[in-house]
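Engineer: The file below is target.csv, CSV, N, CA and C atoms:
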```
chain,number,residue,atom,x,y,z
A,1,MET,N,-17.2,-1.1,14.1
A,1,MET,CA,-16.5,-2.4,14.1
A,1,MET,C,-16.8,-3.0,15.5
A,2,GLN,N,-17.3,-4.2,15.5
A,2,GLN,CA,-17.5,-4.9,16.8
A,2,GLN,C,-16.3,-5.6,17.2
A,3,ALA,N,-15.9,-5.4,18.4
A,3,ALA,CA,-14.7,-6.0,18.9
A,3,ALA,C,-14.8,-7.5,19.0
A,4,GLY,N,-16.0,-8.1,19.2
A,4,GLY,CA,-16.1,-9.5,19.3
A,4,GLY,C,-15.8,-10.2,18.0
A,5,ARG,N,-15.9,-9.5,16.9
A,5,ARG,CA,-15.7,-10.2,15.6
A,5,ARG,C,-14.2,-10.3,15.3
A,6,LEU,N,-13.4,-9.5,16.0
A,6,LEU,CA,-11.9,-9.5,15.8
A,6,LEU,C,-11.4,-10.7,16.7
A,7,ASN,N,-11.3,-11.9,16.1
A,7,ASN,CA,-11.0,-13.1,16.9
A,7,ASN,C,-9.8,-13.8,16.4
A,8,ARG,N,-9.0,-13.2,15.6
A,8,ARG,CA,-7.7,-13.9,15.1
A,8,ARG,C,-6.6,-12.9,15.2
A,9,ARG,N,-5.4,-13.4,15.5
A,9,ARG,CA,-4.2,-12.6,15.5
A,9,ARG,C,-3.6,-12.6,14.1
A,10,VAL,N,-3.3,-11.5,13.6
A,10,VAL,CA,-2.7,-11.4,12.2
A,10,VAL,C,-1.5,-10.5,12.3
A,11,THR,N,-0.4,-11.0,11.7
A,11,THR,CA,0.8,-10.2,11.7
A,11,THR,C,1.0,-9.5,10.4
A,12,ILE,N,1.1,-8.2,10.4
A,12,ILE,CA,1.3,-7.4,9.1
A,12,ILE,C,2.8,-7.4,8.9
A,13,LEU,N,3.2,-7.8,7.7
A,13,LEU,CA,4.6,-7.9,7.3
A,13,LEU,C,4.9,-6.9,6.2
A,14,GLN,N,6.1,-6.3,6.3
A,14,GLN,CA,6.5,-5.3,5.3
A,14,GLN,C,7.9,-5.8,4.7
A,15,SER,N,8.2,-5.4,3.5
A,15,SER,CA,9.5,-5.7,2.9
A,15,SER,C,10.6,-5.0,3.6
A,16,GLY,N,11.7,-5.7,3.9
A,16,GLY,CA,12.8,-5.0,4.6
A,16,GLY,C,14.0,-5.9,4.6
A,17,THR,N,15.0,-5.5,5.4
A,17,THR,CA,16.2,-6.3,5.5
A,17,THR,C,16.4,-6.7,6.9
A,18,THR,N,17.0,-7.9,7.1
A,18,THR,CA,17.3,-8.4,8.4
A,18,THR,C,18.7,-8.8,8.4
A,19,ARG,N,19.4,-8.8,9.6
A,19,ARG,CA,20.8,-9.1,9.7
A,19,ARG,C,20.8,-10.6,10.1
A,20,GLU,N,21.5,-11.4,9.3
A,20,GLU,CA,21.7,-12.8,9.5
A,20,GLU,C,22.8,-12.9,10.5
A,21,SER,N,22.6,-13.7,11.6
A,21,SER,CA,23.5,-13.7,12.8
A,21,SER,C,24.8,-14.4,12.5
A,22,THR,N,24.7,-15.5,11.8
A,22,THR,CA,25.9,-16.4,11.6
A,22,THR,C,27.0,-15.7,10.8
A,23,PHE,N,26.6,-15.1,9.7
A,23,PHE,CA,27.6,-14.5,8.8
A,23,PHE,C,27.6,-13.0,8.8
A,24,ARG,N,26.6,-12.5,9.6
A,24,ARG,CA,26.5,-11.0,9.7
A,24,ARG,C,26.3,-10.3,8.3
A,25,THR,N,25.4,-10.9,7.5
A,25,THR,CA,25.0,-10.3,6.2
A,25,THR,C,23.6,-9.9,6.3
A,26,ASP,N,23.3,-8.9,5.5
A,26,ASP,CA,21.9,-8.4,5.4
A,26,ASP,C,21.2,-9.2,4.3
A,27,THR,N,19.9,-9.6,4.6
A,27,THR,CA,19.1,-10.4,3.7
A,27,THR,C,17.8,-9.7,3.6
A,28,LYS,N,17.2,-9.7,2.3
A,28,LYS,CA,15.9,-9.1,2.1
A,28,LYS,C,14.9,-10.1,2.4
A,29,GLY,N,13.8,-9.6,3.0
A,29,GLY,CA,12.7,-10.5,3.4
A,29,GLY,C,11.5,-9.8,3.9
A,30,TRP,N,10.7,-10.5,4.6
A,30,TRP,CA,9.5,-9.8,5.2
A,30,TRP,C,9.7,-9.7,6.7
A,31,VAL,N,9.6,-8.5,7.2
A,31,VAL,CA,9.8,-8.3,8.6
A,31,VAL,C,8.4,-7.8,9.2
A,32,PRO,N,8.2,-8.2,10.5
A,32,PRO,CA,6.9,-7.8,11.1
A,32,PRO,C,6.8,-6.3,11.3
A,33,LEU,N,5.6,-5.7,11.0
A,33,LEU,CA,5.3,-4.3,11.3
A,33,LEU,C,4.5,-4.3,12.6
A,34,ALA,N,3.5,-5.1,12.6
A,34,ALA,CA,2.6,-5.1,13.8
A,34,ALA,C,1.8,-6.4,13.8
A,35,THR,N,1.4,-6.8,15.0
A,35,THR,CA,0.4,-7.9,15.2
A,35,THR,C,-0.9,-7.3,15.7
A,36,VAL,N,-2.0,-7.6,15.0
A,36,VAL,CA,-3.2,-6.9,15.4
A,36,VAL,C,-4.3,-8.0,15.4
A,37,TRP,N,-5.4,-7.6,16.0
A,37,TRP,CA,-6.6,-8.5,16.0
A,37,TRP,C,-7.4,-8.2,14.7
A,38,ALA,N,-7.9,-9.3,14.2
A,38,ALA,CA,-8.6,-9.2,12.9
A,38,ALA,C,-9.8,-10.2,12.8
A,39,GLU,N,-10.6,-9.9,11.8
A,39,GLU,CA,-11.7,-10.8,11.4
A,39,GLU,C,-11.3,-11.3,10.1
A,40,VAL,N,-11.2,-12.6,10.0
A,40,VAL,CA,-10.7,-13.3,8.8
A,40,VAL,C,-11.9,-14.2,8.3
A,41,GLN,N,-12.3,-14.0,7.0
A,41,GLN,CA,-13.4,-14.8,6.4
A,41,GLN,C,-12.8,-15.4,5.2
A,42,ASP,N,-12.8,-16.8,5.2
A,42,ASP,CA,-12.4,-17.5,4.0
A,42,ASP,C,-13.5,-17.3,3.0
A,43,MET,N,-13.2,-17.2,1.7
A,43,MET,CA,-14.2,-16.9,0.8
A,43,MET,C,-14.0,-17.6,-0.5
A,44,LEU,N,-15.1,-17.8,-1.2
A,44,LEU,CA,-15.1,-18.2,-2.6
A,44,LEU,C,-15.7,-17.1,-3.4
A,45,PRO,N,-14.8,-16.4,-4.1
A,45,PRO,CA,-15.3,-15.2,-4.9
A,45,PRO,C,-16.2,-15.6,-6.0
A,46,SER,N,-17.1,-14.7,-6.4
A,46,SER,CA,-17.9,-14.9,-7.6
A,46,SER,C,-17.0,-14.8,-8.8
A,47,ARG,N,-17.5,-15.3,-10.0
A,47,ARG,CA,-16.7,-15.2,-11.2
A,47,ARG,C,-16.3,-13.8,-11.5
A,48,GLY,N,-17.2,-12.8,-11.3
A,48,GLY,CA,-16.9,-11.4,-11.5
A,48,GLY,C,-15.7,-11.0,-10.7
A,49,ASP,N,-15.7,-11.3,-9.4
A,49,ASP,CA,-14.6,-11.0,-8.5
A,49,ASP,C,-13.3,-11.6,-8.9
A,50,ARG,N,-13.4,-12.8,-9.4
A,50,ARG,CA,-12.1,-13.5,-9.8
A,50,ARG,C,-11.5,-12.8,-11.0
A,51,LEU,N,-12.4,-12.3,-11.9
A,51,LEU,CA,-11.9,-11.7,-13.1
A,51,LEU,C,-11.4,-10.3,-12.8
A,52,ALA,N,-12.1,-9.5,-12.0
A,52,ALA,CA,-11.8,-8.2,-11.6
A,52,ALA,C,-10.6,-8.1,-10.7
A,53,GLU,N,-10.5,-8.9,-9.7
A,53,GLU,CA,-9.4,-8.8,-8.7
A,53,GLU,C,-8.3,-9.7,-9.0
A,54,GLY,N,-8.4,-10.6,-10.0
A,54,GLY,CA,-7.3,-11.5,-10.3
A,54,GLY,C,-7.1,-12.6,-9.2
A,55,VAL,N,-8.2,-13.0,-8.6
A,55,VAL,CA,-8.1,-14.0,-7.5
A,55,VAL,C,-8.2,-15.4,-8.1
A,56,ASP,N,-7.3,-16.3,-7.6
A,56,ASP,CA,-7.3,-17.7,-8.0
A,56,ASP,C,-7.9,-18.5,-6.8
A,57,ILE,N,-9.0,-19.3,-7.0
A,57,ILE,CA,-9.6,-20.0,-5.9
A,57,ILE,C,-8.6,-21.0,-5.3
A,58,ALA,N,-7.7,-21.6,-6.1
A,58,ALA,CA,-6.7,-22.6,-5.6
A,58,ALA,C,-5.8,-21.9,-4.6
A,59,ARG,N,-5.7,-20.7,-4.5
A,59,ARG,CA,-4.8,-20.0,-3.6
A,59,ARG,C,-5.4,-19.5,-2.3
A,60,LYS,N,-6.6,-20.0,-2.0
A,60,LYS,CA,-7.3,-19.8,-0.7
A,60,LYS,C,-7.4,-18.3,-0.4
A,61,PRO,N,-8.4,-17.6,-1.1
A,61,PRO,CA,-8.6,-16.2,-0.9
A,61,PRO,C,-9.4,-16.0,0.5
A,62,CYS,N,-9.1,-14.8,1.1
A,62,CYS,CA,-9.9,-14.5,2.3
A,62,CYS,C,-10.0,-13.0,2.4
A,63,ARG,N,-11.0,-12.6,3.1
A,63,ARG,CA,-11.3,-11.2,3.4
A,63,ARG,C,-10.9,-10.9,4.8
A,64,VAL,N,-10.1,-9.8,5.0
A,64,VAL,CA,-9.5,-9.5,6.3
A,64,VAL,C,-9.9,-8.1,6.7
A,65,ARG,N,-10.5,-8.0,7.9
A,65,ARG,CA,-10.8,-6.7,8.5
A,65,ARG,C,-10.0,-6.4,9.8
A,66,ILE,N,-9.4,-5.3,9.8
A,66,ILE,CA,-8.7,-4.9,11.0
A,66,ILE,C,-9.1,-3.5,11.4
A,67,ARG,N,-8.8,-3.0,12.6
A,67,ARG,CA,-9.0,-1.7,13.0
A,67,ARG,C,-8.2,-0.7,12.1
A,68,TYR,N,-8.7,0.5,12.0
A,68,TYR,CA,-8.1,1.4,11.0
A,68,TYR,C,-6.6,1.7,11.4
A,69,ARG,N,-5.8,1.7,10.4
A,69,ARG,CA,-4.3,2.1,10.6
A,69,ARG,C,-3.9,2.8,9.3
A,70,THR,N,-3.0,3.8,9.5
A,70,THR,CA,-2.6,4.6,8.3
A,70,THR,C,-1.3,4.0,7.7
A,71,ASP,N,-0.7,2.9,8.3
A,71,ASP,CA,0.6,2.4,7.7
A,71,ASP,C,0.4,1.1,7.0
A,72,VAL,N,-0.8,0.7,6.6
A,72,VAL,CA,-0.9,-0.5,5.9
A,72,VAL,C,-1.1,-0.2,4.4
A,73,THR,N,-0.3,-0.9,3.5
A,73,THR,CA,-0.4,-0.6,2.1
A,73,THR,C,-0.6,-2.0,1.3
A,74,SER,N,-0.9,-1.9,0.1
A,74,SER,CA,-1.2,-3.1,-0.7
A,74,SER,C,0.1,-3.9,-1.1
A,75,ASP,N,1.3,-3.3,-0.8
A,75,ASP,CA,2.5,-4.1,-1.1
A,75,ASP,C,3.0,-4.8,0.1
A,76,MET,N,2.2,-5.0,1.1
A,76,MET,CA,2.6,-5.7,2.3
A,76,MET,C,2.0,-7.1,2.3
A,77,ARG,N,2.3,-7.9,3.2
A,77,ARG,CA,1.8,-9.3,3.4
A,77,ARG,C,1.2,-9.5,4.8
A,78,LEU,N,0.4,-10.5,4.9
A,78,LEU,CA,-0.2,-10.9,6.2
A,78,LEU,C,0.2,-12.3,6.6
A,79,ARG,N,0.5,-12.5,7.9
A,79,ARG,CA,0.7,-13.9,8.3
A,79,ARG,C,-0.5,-14.3,9.2
A,80,ILE,N,-1.2,-15.3,8.7
A,80,ILE,CA,-2.4,-15.8,9.4
A,80,ILE,C,-2.2,-17.2,9.6
A,81,ARG,N,-2.3,-17.7,10.9
A,81,ARG,CA,-2.1,-19.1,11.3
A,81,ARG,C,-0.8,-19.7,10.6
A,82,SER,N,0.3,-19.0,10.7
A,82,SER,CA,1.6,-19.3,10.2
A,82,SER,C,1.7,-19.5,8.7
A,83,GLU,N,0.7,-19.0,8.0
A,83,GLU,CA,0.7,-19.0,6.5
A,83,GLU,C,0.8,-17.5,6.1
A,84,GLU,N,1.5,-17.3,5.0
A,84,GLU,CA,1.6,-15.9,4.5
A,84,GLU,C,0.6,-15.7,3.3
A,85,TYR,N,0.0,-14.5,3.4
A,85,TYR,CA,-1.0,-14.1,2.4
A,85,TYR,C,-0.5,-12.8,1.8
A,86,ARG,N,-0.7,-12.6,0.5
A,86,ARG,CA,-0.4,-11.3,-0.1
A,86,ARG,C,-1.7,-10.5,-0.3
A,87,ILE,N,-1.6,-9.2,-0.1
A,87,ILE,CA,-2.8,-8.4,-0.3
A,87,ILE,C,-3.1,-8.2,-1.7
A,88,VAL,N,-4.3,-8.6,-2.2
A,88,VAL,CA,-4.7,-8.6,-3.6
A,88,VAL,C,-5.4,-7.3,-3.9
A,89,SER,N,-6.3,-6.9,-3.0
A,89,SER,CA,-7.1,-5.7,-3.2
A,89,SER,C,-7.2,-4.9,-1.9
A,90,GLY,N,-7.2,-3.6,-2.0
A,90,GLY,CA,-7.3,-2.8,-0.8
A,90,GLY,C,-5.9,-2.4,-0.2
A,91,PRO,N,-5.8,-2.0,0.9
A,91,PRO,CA,-6.9,-1.9,2.0
A,91,PRO,C,-7.8,-0.7,1.7
A,92,VAL,N,-9.0,-0.9,2.0
A,92,VAL,CA,-10.0,0.2,1.8
A,92,VAL,C,-10.6,0.6,3.2
A,93,GLU,N,-10.9,1.9,3.4
A,93,GLU,CA,-11.4,2.4,4.6
A,93,GLU,C,-12.8,2.1,4.8
A,94,LEU,N,-13.2,1.6,5.9
A,94,LEU,CA,-14.7,1.3,6.2
A,94,LEU,C,-15.1,2.4,7.2
A,95,GLY,N,-16.3,3.0,7.0
A,95,GLY,CA,-16.8,4.0,7.9
A,95,GLY,C,-15.9,5.2,7.9
A,96,LEU,N,-15.9,5.9,9.0
A,96,LEU,CA,-15.1,7.1,9.2
A,96,LEU,C,-13.8,6.7,10.0
A,97,ARG,N,-12.9,6.0,9.3
A,97,ARG,CA,-11.7,5.5,9.9
A,97,ARG,C,-11.9,4.6,11.0
A,98,GLU,N,-12.9,3.7,10.8
A,98,GLU,CA,-13.2,2.7,11.8
A,98,GLU,C,-12.4,1.4,11.6
A,99,ALA,N,-12.3,1.0,10.3
A,99,ALA,CA,-11.7,-0.2,10.0
A,99,ALA,C,-11.1,-0.2,8.6
A,100,LEU,N,-10.2,-1.2,8.3
A,100,LEU,CA,-9.7,-1.4,7.0
A,100,LEU,C,-10.1,-2.8,6.6
A,101,GLU,N,-10.4,-3.0,5.3
A,101,GLU,CA,-10.8,-4.3,4.7
A,101,GLU,C,-9.9,-4.5,3.5
A,102,MET,N,-9.4,-5.8,3.4
A,102,MET,CA,-8.5,-6.1,2.3
A,102,MET,C,-8.8,-7.5,1.9
A,103,LEU,N,-8.6,-7.8,0.6
A,103,LEU,CA,-8.7,-9.2,0.1
A,103,LEU,C,-7.3,-9.7,-0.1
A,104,ALA,N,-7.1,-10.9,0.4
A,104,ALA,CA,-5.7,-11.5,0.4
A,104,ALA,C,-5.8,-12.9,-0.1
A,105,GLU,N,-4.7,-13.4,-0.7
A,105,GLU,CA,-4.7,-14.8,-1.1
A,105,GLU,C,-3.3,-15.4,-0.6
A,106,GLN,N,-3.3,-16.7,-0.4
A,106,GLN,CA,-2.2,-17.4,0.2
A,106,GLN,C,-1.0,-17.4,-0.8
A,107,VAL,N,0.2,-17.1,-0.3
A,107,VAL,CA,1.4,-17.1,-1.0
A,107,VAL,C,2.0,-18.5,-1.0
A,108,THR,N,2.2,-19.1,-2.2
A,108,THR,CA,2.8,-20.5,-2.2
A,108,THR,C,3.9,-20.5,-3.2
A,109,PRO,N,4.9,-21.3,-3.1
A,109,PRO,CA,5.9,-21.5,-4.1
A,109,PRO,C,5.3,-21.8,-5.4
A,110,GLU,N,5.9,-21.3,-6.5
A,110,GLU,CA,5.3,-21.6,-7.9
A,110,GLU,C,5.2,-23.1,-8.1
A,111,GLY,N,4.1,-23.5,-8.7
A,111,GLY,CA,3.9,-24.9,-9.0
A,111,GLY,C,3.4,-25.8,-7.9
A,112,VAL,N,3.3,-25.2,-6.7
A,112,VAL,CA,2.8,-26.0,-5.5
A,112,VAL,C,1.4,-25.5,-5.1
A,113,ARG,N,0.5,-26.4,-5.1
A,113,ARG,CA,-0.9,-26.0,-4.6
A,113,ARG,C,-0.9,-26.0,-3.1
A,114,PRO,N,-1.7,-25.0,-2.6
A,114,PRO,CA,-1.8,-24.9,-1.1
A,114,PRO,C,-2.6,-26.1,-0.6
```
Transcribe the structure of this file into structure tokens.

Structural biologist:
Amino acid sequence: MQAGRLNRRVTILQSGTTRESTFRTDTKGWVPLATVWAEVQDMLPSRGDRLAEGVDIARKPCRVRIRYRTDVTSDMRLRIRSEEYRIVSGPVELGLREALEMLAEQVTPEGVRP
């Protein structure tokens, strides 16, 4: 993995609870796990990829590569440029624990196009 290609900051989010300060209640949401350097490539998947991975072009799919970590799973989300993305495929290990690659698509409220 070439360090020069890791040119964007990405925050890895995990499901968790946070304490709301005004009423001191716990709320479920997405809490930061780590902020890492990543290579983010916007992509237009082929028809086969769309069918196999369930990717919708209208939701802005992208391919994300980060340095290898053991704590990233497919039920997490990514925050890229203040937008949230859900992990659609992966993460898969590249090389001998050199990097992780995952396919992600933008999370939008139902019925709203990105």

Engineer: Would you pick out the contacts of stretch 4-7 of chain A at 6 Å or less, using only C-alpha atoms, so that residues sharing its chain but fewer than 6 positions from it are not included, and give the list as a ChimeraX atom specification?

Structural biologist: /A:37-39

Engineer: Which parts of stretch 11-100 of chain A does DSSP call strand (DSSP E or B) when run on the backbone here, written out as a PyMOL selection string?

Structural biologist: chain A and resi 11-20+25-42+61-67+77-80+83-94+99-100

Engineer: How would the residues just picked look written out with N, CA and C atoms as a short mmCIF file (atom, residue, chain, number, x, y, z; two decimals), in the coordinates of the input?

Structural biologist:
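Wrote it out as out04.cif, contents follow:
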```
data_model
loop_
_atom_site.label_atom_id
_atom_site.label_comp_id
_atom_site.auth_asym_id
_atom_site.auth_seq_id
_atom_site.Cartn_x
_atom_site.Cartn_y
_atom_site.Cartn_z
N THR A 11 -0.40 -11.00 11.70
CA THR A 11 0.80 -10.20 11.70
C THR A 11 1.00 -9.50 10.40
N ILE A 12 1.10 -8.20 10.40
CA ILE A 12 1.30 -7.40 9.10
C ILE A 12 2.80 -7.40 8.90
N LEU A 13 3.20 -7.80 7.70
CA LEU A 13 4.60 -7.90 7.30
C LEU A 13 4.90 -6.90 6.20
N GLN A 14 6.10 -6.30 6.30
CA GLN A 14 6.50 -5.30 5.30
C GLN A 14 7.90 -5.80 4.70
N SER A 15 8.20 -5.40 3.50
CA SER A 15 9.50 -5.70 2.90
C SER A 15 10.60 -5.00 3.60
N GLY A 16 11.70 -5.70 3.90
CA GLY A 16 12.80 -5.00 4.60
C GLY A 16 14.00 -5.90 4.60
N THR A 17 15.00 -5.50 5.40
CA THR A 17 16.20 -6.30 5.50
C THR A 17 16.40 -6.70 6.90
N THR A 18 17.00 -7.90 7.10
CA THR A 18 17.30 -8.40 8.40
C THR A 18 18.70 -8.80 8.40
N ARG A 19 19.40 -8.80 9.60
CA ARG A 19 20.80 -9.10 9.70
C ARG A 19 20.80 -10.60 10.10
N GLU A 20 21.50 -11.40 9.30
CA GLU A 20 21.70 -12.80 9.50
C GLU A 20 22.80 -12.90 10.50
N THR A 25 25.40 -10.90 7.50
CA THR A 25 25.00 -10.30 6.20
C THR A 25 23.60 -9.90 6.30
N ASP A 26 23.30 -8.90 5.50
CA ASP A 26 21.90 -8.40 5.40
C ASP A 26 21.20 -9.20 4.30
N THR A 27 19.90 -9.60 4.60
CA THR A 27 19.10 -10.40 3.70
C THR A 27 17.80 -9.70 3.60
N LYS A 28 17.20 -9.70 2.30
CA LYS A 28 15.90 -9.10 2.10
C LYS A 28 14.90 -10.10 2.40
N GLY A 29 13.80 -9.60 3.00
CA GLY A 29 12.70 -10.50 3.40
C GLY A 29 11.50 -9.80 3.90
N TRP A 30 10.70 -10.50 4.60
CA TRP A 30 9.50 -9.80 5.20
C TRP A 30 9.70 -9.70 6.70
N VAL A 31 9.60 -8.50 7.20
CA VAL A 31 9.80 -8.30 8.60
C VAL A 31 8.40 -7.80 9.20
N PRO A 32 8.20 -8.20 10.50
CA PRO A 32 6.90 -7.80 11.10
C PRO A 32 6.80 -6.30 11.30
N LEU A 33 5.60 -5.70 11.00
CA LEU A 33 5.30 -4.30 11.30
C LEU A 33 4.50 -4.30 12.60
N ALA A 34 3.50 -5.10 12.60
CA ALA A 34 2.60 -5.10 13.80
C ALA A 34 1.80 -6.40 13.80
N THR A 35 1.40 -6.80 15.00
CA THR A 35 0.40 -7.90 15.20
C THR A 35 -0.90 -7.30 15.70
N VAL A 36 -2.00 -7.60 15.00
CA VAL A 36 -3.20 -6.90 15.40
C VAL A 36 -4.30 -8.00 15.40
N TRP A 37 -5.40 -7.60 16.00
CA TRP A 37 -6.60 -8.50 16.00
C TRP A 37 -7.40 -8.20 14.70
N ALA A 38 -7.90 -9.30 14.20
CA ALA A 38 -8.60 -9.20 12.90
C ALA A 38 -9.80 -10.20 12.80
N GLU A 39 -10.60 -9.90 11.80
CA GLU A 39 -11.70 -10.80 11.40
C GLU A 39 -11.30 -11.30 10.10
N VAL A 40 -11.20 -12.60 10.00
CA VAL A 40 -10.70 -13.30 8.80
C VAL A 40 -11.90 -14.20 8.30
N GLN A 41 -12.30 -14.00 7.00
CA GLN A 41 -13.40 -14.80 6.40
C GLN A 41 -12.80 -15.40 5.20
N ASP A 42 -12.80 -16.80 5.20
CA ASP A 42 -12.40 -17.50 4.00
C ASP A 42 -13.50 -17.30 3.00
N PRO A 61 -8.40 -17.60 -1.10
CA PRO A 61 -8.60 -16.20 -0.90
C PRO A 61 -9.40 -16.00 0.50
N CYS A 62 -9.10 -14.80 1.10
CA CYS A 62 -9.90 -14.50 2.30
C CYS A 62 -10.00 -13.00 2.40
N ARG A 63 -11.00 -12.60 3.10
CA ARG A 63 -11.30 -11.20 3.40
C ARG A 63 -10.90 -10.90 4.80
N VAL A 64 -10.10 -9.80 5.00
CA VAL A 64 -9.50 -9.50 6.30
C VAL A 64 -9.90 -8.10 6.70
N ARG A 65 -10.50 -8.00 7.90
CA ARG A 65 -10.80 -6.70 8.50
C ARG A 65 -10.00 -6.40 9.80
N ILE A 66 -9.40 -5.30 9.80
CA ILE A 66 -8.70 -4.90 11.00
C ILE A 66 -9.10 -3.50 11.40
N ARG A 67 -8.80 -3.00 12.60
CA ARG A 67 -9.00 -1.70 13.00
C ARG A 67 -8.20 -0.70 12.10
N ARG A 77 2.30 -7.90 3.20
CA ARG A 77 1.80 -9.30 3.40
C ARG A 77 1.20 -9.50 4.80
N LEU A 78 0.40 -10.50 4.90
CA LEU A 78 -0.20 -10.90 6.20
C LEU A 78 0.20 -12.30 6.60
N ARG A 79 0.50 -12.50 7.90
CA ARG A 79 0.70 -13.90 8.30
C ARG A 79 -0.50 -14.30 9.20
N ILE A 80 -1.20 -15.30 8.70
CA ILE A 80 -2.40 -15.80 9.40
C ILE A 80 -2.20 -17.20 9.60
N GLU A 83 0.70 -19.00 8.00
CA GLU A 83 0.70 -19.00 6.50
C GLU A 83 0.80 -17.50 6.10
N GLU A 84 1.50 -17.30 5.00
CA GLU A 84 1.60 -15.90 4.50
C GLU A 84 0.60 -15.70 3.30
N TYR A 85 0.00 -14.50 3.40
CA TYR A 85 -1.00 -14.10 2.40
C TYR A 85 -0.50 -12.80 1.80
N ARG A 86 -0.70 -12.60 0.50
CA ARG A 86 -0.40 -11.30 -0.10
C ARG A 86 -1.70 -10.50 -0.30
N ILE A 87 -1.60 -9.20 -0.10
CA ILE A 87 -2.80 -8.40 -0.30
C ILE A 87 -3.10 -8.20 -1.70
N VAL A 88 -4.30 -8.60 -2.20
CA VAL A 88 -4.70 -8.60 -3.60
C VAL A 88 -5.40 -7.30 -3.90
N SER A 89 -6.30 -6.90 -3.00
CA SER A 89 -7.10 -5.70 -3.20
C SER A 89 -7.20 -4.90 -1.90
N GLY A 90 -7.20 -3.60 -2.00
CA GLY A 90 -7.30 -2.80 -0.80
C GLY A 90 -5.90 -2.40 -0.20
N PRO A 91 -5.80 -2.00 0.90
CA PRO A 91 -6.90 -1.90 2.00
C PRO A 91 -7.80 -0.70 1.70
N VAL A 92 -9.00 -0.90 2.00
CA VAL A 92 -10.00 0.20 1.80
C VAL A 92 -10.60 0.60 3.20
N GLU A 93 -10.90 1.90 3.40
CA GLU A 93 -11.40 2.40 4.60
C GLU A 93 -12.80 2.10 4.80
N LEU A 94 -13.20 1.60 5.90
CA LEU A 94 -14.70 1.30 6.20
C LEU A 94 -15.10 2.40 7.20
N ALA A 99 -12.30 1.00 10.30
CA ALA A 99 -11.70 -0.20 10.00
C ALA A 99 -11.10 -0.20 8.60
N LEU A 100 -10.20 -1.20 8.30
CA LEU A 100 -9.70 -1.40 7.00
C LEU A 100 -10.10 -2.80 6.60
#
```

Engineer: Need the shell around A:Leu33: protein/DNA/RNA residues with any atom at most 8 Å away, counting all atoms listed in the file. Skip same-chain ones fewer than 2 positions apart. Format as a list in words?

Structural biologist: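 The contact residues come out as Thr11, Ile12, Leu13, Gln14, Ser15, Trp30, Val31, Thr35 and Val36 of chain A.
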
Engineer: Can you work out the spacing between atom N of A:Arg97 and atom C of A:Glu83 in Å, to one decimal?

Structural biologist: 27.4 Å

Engineer: So that I can check the surroundings of A:Val107, please list as a list in words every protein, DNA and RNA residue that reaches within 5 Å of it, counting all atoms listed in the file and ignoring chain neighbours fewer than 3 positions away.

Structural biologist: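 Once the nearby chain positions are removed, what remains is Glu84, Tyr85 and Arg86 of chain A.
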